[in-house]
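Structure data follow from start_36.cif (mmCIF, C-alpha atoms and all ligand atoms):
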data_target
#
loop_
_atom_site.label_atom_id
_atom_site.label_comp_id
_atom_site.auth_asym_id
_atom_site.auth_seq_id
_atom_site.Cartn_x
_atom_site.Cartn_y
_atom_site.Cartn_z
CA MET A 149 -24.25 68.93 -60.24
CA ARG A 150 -24.24 67.18 -63.56
CA ARG A 151 -22.22 64.03 -63.68
CA THR A 152 -20.65 63.61 -67.10
CA ARG A 153 -18.10 60.89 -66.39
CA ALA A 154 -18.35 57.86 -64.15
CA ARG A 155 -16.00 57.99 -61.19
CA PRO A 156 -15.00 54.86 -59.29
CA ILE A 157 -17.29 53.85 -56.45
CA GLU A 158 -15.68 52.28 -53.38
CA ILE A 159 -16.35 48.54 -53.17
CA LYS A 160 -16.36 46.95 -49.72
CA THR A 161 -15.53 43.35 -48.83
CA PRO A 162 -18.05 41.44 -46.69
CA ALA A 163 -15.70 41.91 -43.72
CA GLN A 164 -15.65 45.66 -44.29
CA LEU A 165 -19.45 45.76 -44.58
CA ALA A 166 -19.62 43.91 -41.25
CA ILE A 167 -17.71 46.80 -39.66
CA MET A 168 -20.02 49.30 -41.38
CA ARG A 169 -22.90 47.36 -39.83
CA GLU A 170 -21.37 47.98 -36.40
CA ALA A 171 -21.21 51.70 -37.18
CA GLY A 172 -24.79 51.55 -38.45
CA LEU A 173 -26.03 49.96 -35.24
CA VAL A 174 -24.29 52.66 -33.19
CA VAL A 175 -26.09 55.30 -35.25
CA ALA A 176 -29.42 53.47 -34.84
CA ALA A 177 -28.98 53.32 -31.06
CA ALA A 178 -28.03 57.00 -30.86
CA LEU A 179 -31.02 58.05 -32.95
CA LEU A 180 -33.34 55.94 -30.80
CA ALA A 181 -31.96 57.52 -27.64
CA VAL A 182 -32.34 61.03 -29.04
CA ALA A 183 -35.83 60.41 -30.41
CA SER A 184 -36.92 58.97 -27.07
CA ALA A 185 -35.62 62.04 -25.24
CA ALA A 186 -37.17 64.57 -27.64
CA GLU A 187 -39.87 65.78 -25.27
CA PRO A 188 -41.17 69.31 -24.69
CA GLY A 189 -38.69 71.32 -22.60
CA ILE A 190 -35.45 69.65 -23.69
CA SER A 191 -32.89 71.62 -25.67
CA THR A 192 -31.30 70.38 -28.84
CA ALA A 193 -27.89 70.78 -27.14
CA GLU A 194 -29.03 68.28 -24.50
CA LEU A 195 -30.04 65.91 -27.29
CA ASP A 196 -26.58 66.32 -28.79
CA ALA A 197 -25.02 65.34 -25.46
CA ILE A 198 -27.20 62.22 -25.36
CA ALA A 199 -26.04 61.26 -28.84
CA GLU A 200 -22.39 61.82 -27.99
CA ARG A 201 -22.70 59.64 -24.89
CA GLU A 202 -24.28 56.84 -26.94
CA ILE A 203 -21.71 57.02 -29.71
CA ARG A 204 -18.62 57.31 -27.55
CA GLY A 205 -20.01 54.80 -25.05
CA ALA A 206 -20.11 52.26 -27.87
CA GLY A 207 -16.46 52.94 -28.64
CA ALA A 208 -17.32 54.80 -31.84
CA VAL A 209 -16.49 58.30 -33.05
CA PRO A 210 -19.15 60.91 -33.92
CA SER A 211 -18.40 61.68 -37.55
CA PHE A 212 -20.22 65.01 -37.68
CA GLN A 213 -18.16 66.60 -34.91
CA GLY A 214 -15.61 68.82 -36.60
CA TYR A 215 -16.70 67.80 -40.09
CA LEU A 216 -15.99 70.93 -42.15
CA GLY A 217 -16.09 72.69 -38.79
CA PHE A 218 -19.54 71.44 -37.70
CA PRO A 219 -19.70 71.94 -33.93
CA ALA A 220 -21.87 69.00 -32.78
CA CYS A 221 -22.44 65.23 -33.02
CA ILE A 222 -25.90 65.43 -34.56
CA CYS A 223 -27.84 67.80 -36.75
CA THR A 224 -31.11 68.91 -35.18
CA SER A 225 -33.45 70.58 -37.65
CA VAL A 226 -36.73 71.91 -36.29
CA ASN A 227 -39.92 72.59 -38.29
CA GLU A 228 -39.04 74.55 -41.47
CA GLN A 229 -35.40 73.58 -41.02
CA ILE A 230 -34.75 70.74 -43.46
CA VAL A 231 -31.20 69.60 -42.67
CA HIS A 232 -27.93 70.60 -40.95
CA GLY A 233 -29.46 72.47 -38.00
CA ILE A 234 -26.94 73.08 -35.21
CA PRO A 235 -27.85 71.89 -31.69
CA SER A 236 -28.11 74.75 -29.22
CA PRO A 237 -29.00 75.29 -25.56
CA ASP A 238 -31.25 78.08 -26.82
CA VAL A 239 -33.43 75.81 -28.95
CA ILE A 240 -35.96 74.34 -26.52
CA LEU A 241 -38.41 71.89 -28.05
CA THR A 242 -42.11 72.48 -27.58
CA ALA A 243 -45.09 70.20 -28.20
CA GLY A 244 -45.95 70.04 -31.85
CA ASP A 245 -42.43 70.72 -33.15
CA LEU A 246 -41.14 68.51 -35.93
CA LEU A 247 -37.57 67.48 -35.15
CA SER A 248 -35.24 65.94 -37.71
CA VAL A 249 -32.17 64.29 -36.24
CA ASP A 250 -29.25 63.30 -38.45
CA CYS A 251 -26.43 61.24 -36.97
CA GLY A 252 -23.17 59.68 -38.12
CA ALA A 253 -20.65 57.40 -36.42
CA ILE A 254 -17.33 55.81 -37.31
CA VAL A 255 -16.19 52.35 -36.22
CA GLY A 256 -12.73 51.20 -37.26
CA GLY A 257 -12.60 53.85 -39.97
CA TRP A 258 -15.99 52.90 -41.47
CA HIS A 259 -19.00 55.21 -41.49
CA GLY A 260 -22.72 54.92 -40.78
CA ASP A 261 -25.20 57.75 -41.45
CA ALA A 262 -28.94 57.91 -40.78
CA ALA A 263 -31.68 60.37 -39.97
CA VAL A 264 -35.19 60.33 -38.58
CA THR A 265 -37.93 62.92 -38.11
CA VAL A 266 -40.18 62.79 -35.06
CA ALA A 267 -42.95 64.92 -33.68
CA VAL A 268 -42.36 66.36 -30.20
CA GLY A 269 -45.32 65.26 -28.13
CA ALA A 270 -48.31 64.18 -30.15
CA VAL A 271 -48.05 64.36 -33.94
CA PRO A 272 -49.81 67.58 -35.00
CA PRO A 273 -52.91 67.12 -37.16
CA GLY A 274 -52.01 66.86 -40.81
CA LEU A 275 -48.34 66.10 -40.27
CA ALA A 276 -48.50 62.34 -39.86
CA GLY A 277 -48.90 62.15 -43.62
CA LEU A 278 -45.71 64.12 -44.24
CA LEU A 279 -43.67 61.89 -41.93
CA ASP A 280 -45.17 58.69 -43.35
CA ALA A 281 -44.62 59.86 -46.92
CA CYS A 282 -40.96 60.67 -46.34
CA GLU A 283 -40.18 57.42 -44.55
CA ARG A 284 -42.09 55.38 -47.14
CA ALA A 285 -40.21 57.12 -49.96
CA LEU A 286 -36.95 56.19 -48.25
CA TRP A 287 -37.90 52.52 -48.08
CA HIS A 288 -39.02 52.48 -51.70
CA GLY A 289 -35.58 53.79 -52.60
CA LEU A 290 -33.78 51.31 -50.36
CA ALA A 291 -35.66 48.43 -51.99
CA GLN A 292 -33.93 49.33 -55.26
CA ALA A 293 -30.44 49.01 -53.76
CA ALA A 294 -29.75 45.70 -55.46
CA ALA A 295 -27.03 44.43 -57.77
CA GLY A 296 -27.94 44.90 -61.42
CA ARG A 297 -30.07 47.99 -60.89
CA ARG A 298 -28.96 51.46 -61.92
CA LEU A 299 -28.40 54.22 -59.39
CA THR A 300 -31.35 56.31 -60.50
CA ASP A 301 -33.69 53.36 -60.01
CA ILE A 302 -33.33 54.41 -56.36
CA SER A 303 -33.92 58.07 -57.20
CA HIS A 304 -36.99 57.33 -59.27
CA ALA A 305 -38.49 55.05 -56.63
CA VAL A 306 -38.04 57.72 -53.95
CA GLU A 307 -39.67 60.43 -56.04
CA SER A 308 -42.48 58.20 -57.32
CA SER A 309 -43.36 57.12 -53.81
CA ALA A 310 -43.28 60.69 -52.49
CA ARG A 311 -45.52 61.92 -55.30
CA ALA A 312 -47.93 59.01 -54.85
CA SER A 313 -48.26 59.97 -51.17
CA GLY A 314 -49.54 63.46 -51.90
CA GLY A 315 -48.53 66.89 -53.06
CA TYR A 316 -45.31 67.12 -51.10
CA GLY A 317 -42.29 69.06 -52.31
CA VAL A 318 -39.30 66.81 -53.01
CA VAL A 319 -36.11 68.68 -52.16
CA ARG A 320 -33.63 68.54 -55.04
CA GLU A 321 -30.82 70.76 -53.78
CA TYR A 322 -29.55 68.18 -51.27
CA VAL A 323 -29.08 64.52 -52.12
CA GLY A 324 -27.83 61.21 -50.74
CA HIS A 325 -24.33 59.87 -51.30
CA GLY A 326 -21.94 56.98 -51.35
CA ILE A 327 -20.46 56.13 -47.95
CA GLY A 328 -17.68 53.95 -46.57
CA THR A 329 -14.21 55.13 -45.58
CA LYS A 330 -15.66 58.64 -45.74
CA MET A 331 -19.10 59.92 -44.88
CA HIS A 332 -19.68 61.63 -48.23
CA MET A 333 -18.39 59.81 -51.29
CA ASP A 334 -19.40 59.23 -54.87
CA PRO A 335 -21.93 58.69 -56.21
CA PRO A 336 -24.48 61.40 -55.37
CA VAL A 337 -27.91 59.81 -54.90
CA PRO A 338 -30.66 62.19 -56.06
CA ASN A 339 -34.19 61.85 -54.73
CA TYR A 340 -35.75 62.46 -58.15
CA GLY A 341 -35.33 61.60 -61.80
CA SER A 342 -35.80 58.96 -64.44
CA PRO A 343 -34.89 55.34 -63.72
CA GLY A 344 -32.23 53.32 -65.48
CA GLN A 345 -29.39 55.85 -65.41
CA GLY A 346 -26.16 56.38 -63.55
CA PRO A 347 -23.75 53.70 -62.40
CA MET A 348 -24.73 50.05 -62.26
CA LEU A 349 -25.14 48.95 -58.65
CA THR A 350 -22.89 46.07 -57.68
CA GLU A 351 -22.18 44.01 -54.59
CA GLY A 352 -20.07 45.81 -52.03
CA MET A 353 -21.32 49.32 -52.71
CA ALA A 354 -22.84 51.30 -49.85
CA LEU A 355 -25.12 54.30 -50.22
CA ALA A 356 -26.87 56.76 -47.92
CA VAL A 357 -30.40 57.34 -49.23
CA GLU A 358 -32.03 60.40 -47.70
CA PRO A 359 -35.24 61.96 -49.02
CA MET A 360 -36.29 65.38 -47.74
CA LEU A 361 -39.95 66.35 -48.21
CA VAL A 362 -41.65 69.65 -47.48
CA LEU A 363 -45.31 70.62 -47.22
CA GLY A 364 -44.82 73.45 -49.68
CA ARG A 365 -42.35 74.26 -52.42
CA PRO A 366 -39.06 72.33 -52.53
CA GLN A 367 -36.72 75.33 -52.84
CA THR A 368 -34.28 75.80 -49.97
CA ARG A 369 -32.39 78.64 -48.33
CA LEU A 370 -29.19 78.59 -46.25
CA LEU A 371 -29.28 80.52 -42.97
CA ASP A 372 -26.55 82.96 -41.97
CA ASP A 373 -24.96 80.36 -39.66
CA GLY A 374 -23.67 78.75 -42.85
CA TRP A 375 -25.18 75.36 -42.00
CA THR A 376 -28.92 75.37 -41.41
CA VAL A 377 -30.97 74.67 -44.53
CA VAL A 378 -34.60 75.81 -44.38
CA SER A 379 -37.47 75.64 -46.82
CA ALA A 380 -37.55 78.92 -48.72
CA ASP A 381 -41.28 79.29 -48.18
CA GLY A 382 -41.07 78.38 -44.48
CA SER A 383 -43.07 75.17 -44.84
CA LEU A 384 -42.54 72.24 -42.52
CA SER A 385 -40.19 69.48 -43.58
CA ALA A 386 -39.20 65.87 -42.93
CA HIS A 387 -35.94 63.99 -43.52
CA PHE A 388 -35.34 60.25 -43.26
CA GLU A 389 -32.09 58.48 -44.08
CA HIS A 390 -30.50 55.05 -43.97
CA THR A 391 -27.16 53.62 -45.02
CA VAL A 392 -27.68 50.57 -47.24
CA ALA A 393 -25.21 48.01 -48.60
CA ILE A 394 -25.72 46.16 -51.86
CA THR A 395 -25.14 42.47 -51.15
CA ALA A 396 -25.65 39.10 -52.84
CA ASP A 397 -28.78 38.75 -50.72
CA GLY A 398 -30.19 42.16 -51.70
CA PRO A 399 -30.31 45.44 -49.79
CA TRP A 400 -28.81 45.30 -46.30
CA VAL A 401 -29.93 48.38 -44.37
CA LEU A 402 -26.95 48.85 -42.10
CA THR A 403 -28.53 51.56 -39.92
CA ALA A 404 -31.80 49.67 -39.32
CA PRO A 405 -31.70 47.44 -36.23
CA ASP A 406 -33.30 44.56 -38.17
CA GLY A 407 -31.16 45.14 -41.25
CA GLY A 408 -34.18 46.46 -43.12
CA THR A 409 -36.24 43.28 -43.07
CA SER A 410 -39.50 44.82 -41.90
CA GLY A 411 -39.22 48.08 -43.85
CA LEU A 412 -38.41 46.32 -47.10
CA ALA A 413 -41.19 43.80 -46.58
CA ALA A 414 -43.69 46.63 -46.08
CA VAL A 415 -42.66 48.26 -49.35
CA ARG A 416 -42.80 44.99 -51.26
CA GLY A 417 -46.25 44.37 -49.85
CA GLU A 418 -47.60 47.64 -51.24
CA ALA A 419 -49.59 47.43 -54.44
CA GLY A 420 -47.55 48.98 -57.21
CA GLY A 421 -44.37 48.56 -55.16
CA GLU A 422 -41.20 49.26 -57.11
CA ALA A 423 -39.31 46.33 -55.73
CA ALA A 424 -39.31 43.87 -58.59
CA PRO A 425 -38.97 45.20 -62.13
CA GLN A 426 -38.56 42.17 -64.38
CA VAL A 427 -36.48 43.97 -67.01
CA PRO A 428 -32.96 42.56 -67.34
CA ALA A 429 -30.48 45.22 -66.29
CA GLU A 430 -28.55 45.06 -69.55
CA ALA A 431 -31.75 45.78 -71.50
CA ARG A 432 -32.22 49.12 -69.81
CA SER A 433 -30.77 52.41 -70.93
CA SER A 434 -27.38 53.31 -69.55
CA GLY A 435 -28.07 56.97 -70.22
CA GLY A 436 -24.52 57.14 -71.53
CA GLY A 437 -23.26 57.07 -67.94
CA ALA A 438 -24.67 60.55 -67.29
CA TYR A 439 -27.40 61.49 -64.92
CA ASP A 440 -28.68 64.60 -63.32
CA ALA A 441 -27.77 64.98 -59.68
MG MG A 501 -27.09 61.98 -42.51
MG MG A 502 -26.13 61.50 -45.39
#
Give the structure from the file, written as structure tokens.
Ligand code: MG
Ligand code: MG
Amino acid sequence: MRRTRARPIEIKTPAQLAIMREAGLVVAAALLAVASAAEPGISTAELDAIAEREIRGAGAVPSFQGYLGFPACICTSVNEQIVHGIPSPDVILTAGDLLSVDCGAIVGGWHGDAAVTVAVGAVPPGLAGLLDACERALWHGLAQAAAGRRLTDISHAVESSARASGGYGVVREYVGHGIGTKMHMDPPVPNYGSPGQGPMLTEGMALAVEPMLVLGRPQTRLLDDGWTVVSADGSLSAHFEHTVAITADGPWVLTAPDGGTSGLAAVRGEAGGEAAPQVPAEARSSGGGAYDA
């Protein structure tokens, strides 16, 4: 979509962000439980049950269940499936599968949303690079989630990192989003584009940043189930996501158990890291408030 007019972005108080942190930690725990259980022989429906137990056991609500009619608590997307795969007793994982798990939870009306891609069994040869590239691109984007930056500073950092990692396809047809009292809110957060455009990031905003990379071309196709998004050329894919809050102390990664400390430090330690442009925000182009999304 092309955004031509800025729409208001929900601003959270520190107390509200603290509740979002609780939701984020529930999501992190559920993803860890699912990833740990993703062994050859288990079905994606069994993984969904594990996630539901974790989420409800923590007193939270699985936000995906019933969302626009979605029938499960997590999305499980295997191999060429990029996002929004539906858990099923008929999908039995085998060694060498790539499994993307996307999970959302609500605590006290506030949302957390995160995703991770894991290999089932040992990581197949040649695929470690895809997973590393996608997760690294995510963290480069998260490092830009700071007051005074523009929204597409995140987008540009994600794409630049992905391209620097190799010839991966960067999916453009699905993007990240604002998050808070709803799972999907303004603004859309593209994983590509020029820096310095879109809304100014300010304290109290929260965003879900979620790059999707494929081994081949980035075009996607929707399966007949109306949910599952696959790569059009059938190439394998990865998807990583975190919910991040913009705070006075910088990015606070609400769905990372350590709040993002280690992931952000790794990005800042990389040569050519995008974490510290020294250009004053007001000196950079506003792009007239428009950006491609
Ligand atoms: Mg998600
Ligand atoms: Mg999301």
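Atom pair atom CA of A:Ala413 / atom CA of A:Ile230: separated by 27.9 Å.
Within a radius of 7 Å around (-32.0, 55.4, -48.7), the polymer residues are Leu286, Trp287, Gly289, Leu290, Ala356, Val357, Glu358, Glu389, His390, Thr391 and Val392 of chain A, counting all atoms listed in the file.
Rounded to one decimal, atom CA of A:His332 and atom CA of A:Ala185 lie 28.0 Å from each other.
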Can you work out which one of A:Gly257, A:Gly364, A:Pro237, A:Gly244 has the shortest atom-to-atom distance to A:Pro210, counting all atoms listed in the file? A:Gly257
Contacts with ligand MG 501 (chain A) at most 12 Å, all atoms listed in the file counted, listed as a PyMOL selection string: chain A and resi 172+175-176+179+210-212+221-225+230-233+248-253+259-265+322-327+331-332+355-360+387-391+403
Select, from A:Asp397, A:Val226, A:Val415, A:Ala295, the residue with the minimum atom-to-atom distance to A:Val377, counting all atoms listed in the file. A:Val226
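Across A:Leu279, A:Ile234, A:Ala294, A:Leu299, the tightest approach to A:Ser385 is made by A:Leu279 when counting only C-alpha atoms.
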Rank nothing, just name the residue among A:Ser191, A:Gln345, A:Ser410, A:Thr368 nearest to A:Leu384, using only C-alpha atoms. A:Thr368
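In this comparison, which uses all atoms listed in the file, the residue of A:Trp258, A:Tyr340, A:Trp375, A:Tyr316 approaching A:Pro235 most closely is A:Trp375.
Using all atoms listed in the file for every distance, the candidate list A:Ala380, A:Ala186, A:Ala354, A:Val362 yields A:Ala354 as the residue closest to ligand MG 502 (chain A).
The coordinates place atom CA of A:Ala276 at 18.1 Å from atom CA of A:Val306.
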When you look at A:Ile394 with a cut-off of 12 Å (counting only C-alpha atoms), what residues show up, excluding the ones that are within fewer than 6 positions of it in the same chain? I need them as a ChimeraX atom specification. /A:158-162,165,290-299,326-327,348-356,400-402,407
Selected residues, C-alpha atoms, written as a PDB file, in the coordinates of the input, please.
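So the final result, stored in out_39.pdb, reads:
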ATOM      1  CA  GLU A 158     -15.680  52.280 -53.380  1.00  0.00           C
ATOM      2  CA  ILE A 159     -16.350  48.540 -53.170  1.00  0.00           C
ATOM      3  CA  LYS A 160     -16.360  46.950 -49.720  1.00  0.00           C
ATOM      4  CA  THR A 161     -15.530  43.350 -48.830  1.00  0.00           C
ATOM      5  CA  PRO A 162     -18.050  41.440 -46.690  1.00  0.00           C
ATOM      6  CA  LEU A 165     -19.450  45.760 -44.580  1.00  0.00           C
ATOM      7  CA  LEU A 290     -33.780  51.310 -50.360  1.00  0.00           C
ATOM      8  CA  ALA A 291     -35.660  48.430 -51.990  1.00  0.00           C
ATOM      9  CA  GLN A 292     -33.930  49.330 -55.260  1.00  0.00           C
ATOM     10  CA  ALA A 293     -30.440  49.010 -53.760  1.00  0.00           C
ATOM     11  CA  ALA A 294     -29.750  45.700 -55.460  1.00  0.00           C
ATOM     12  CA  ALA A 295     -27.030  44.430 -57.770  1.00  0.00           C
ATOM     13  CA  GLY A 296     -27.940  44.900 -61.420  1.00  0.00           C
ATOM     14  CA  ARG A 297     -30.070  47.990 -60.890  1.00  0.00           C
ATOM     15  CA  ARG A 298     -28.960  51.460 -61.920  1.00  0.00           C
ATOM     16  CA  LEU A 299     -28.400  54.220 -59.390  1.00  0.00           C
ATOM     17  CA  GLY A 326     -21.940  56.980 -51.350  1.00  0.00           C
ATOM     18  CA  ILE A 327     -20.460  56.130 -47.950  1.00  0.00           C
ATOM     19  CA  MET A 348     -24.730  50.050 -62.260  1.00  0.00           C
ATOM     20  CA  LEU A 349     -25.140  48.950 -58.650  1.00  0.00           C
ATOM     21  CA  THR A 350     -22.890  46.070 -57.680  1.00  0.00           C
ATOM     22  CA  GLU A 351     -22.180  44.010 -54.590  1.00  0.00           C
ATOM     23  CA  GLY A 352     -20.070  45.810 -52.030  1.00  0.00           C
ATOM     24  CA  MET A 353     -21.320  49.320 -52.710  1.00  0.00           C
ATOM     25  CA  ALA A 354     -22.840  51.300 -49.850  1.00  0.00           C
ATOM     26  CA  LEU A 355     -25.120  54.300 -50.220  1.00  0.00           C
ATOM     27  CA  ALA A 356     -26.870  56.760 -47.920  1.00  0.00           C
ATOM     28  CA  TRP A 400     -28.810  45.300 -46.300  1.00  0.00           C
ATOM     29  CA  VAL A 401     -29.930  48.380 -44.370  1.00  0.00           C
ATOM     30  CA  LEU A 402     -26.950  48.850 -42.100  1.00  0.00           C
ATOM     31  CA  GLY A 407     -31.160  45.140 -41.250  1.00  0.00           C
TER      32      GLY A 407
END
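Residues in contact with A:Gly315 at up to 12 Å, not including ones fewer than 4 positions away on its chain and judged by all atoms listed in the file, are Gly277, Leu278, Ala281, Cys282, Glu307, Ser308, Ser309, Ala310, Arg311, Leu361, Val362, Leu363, Gly364, Arg365 and Pro366 of chain A.
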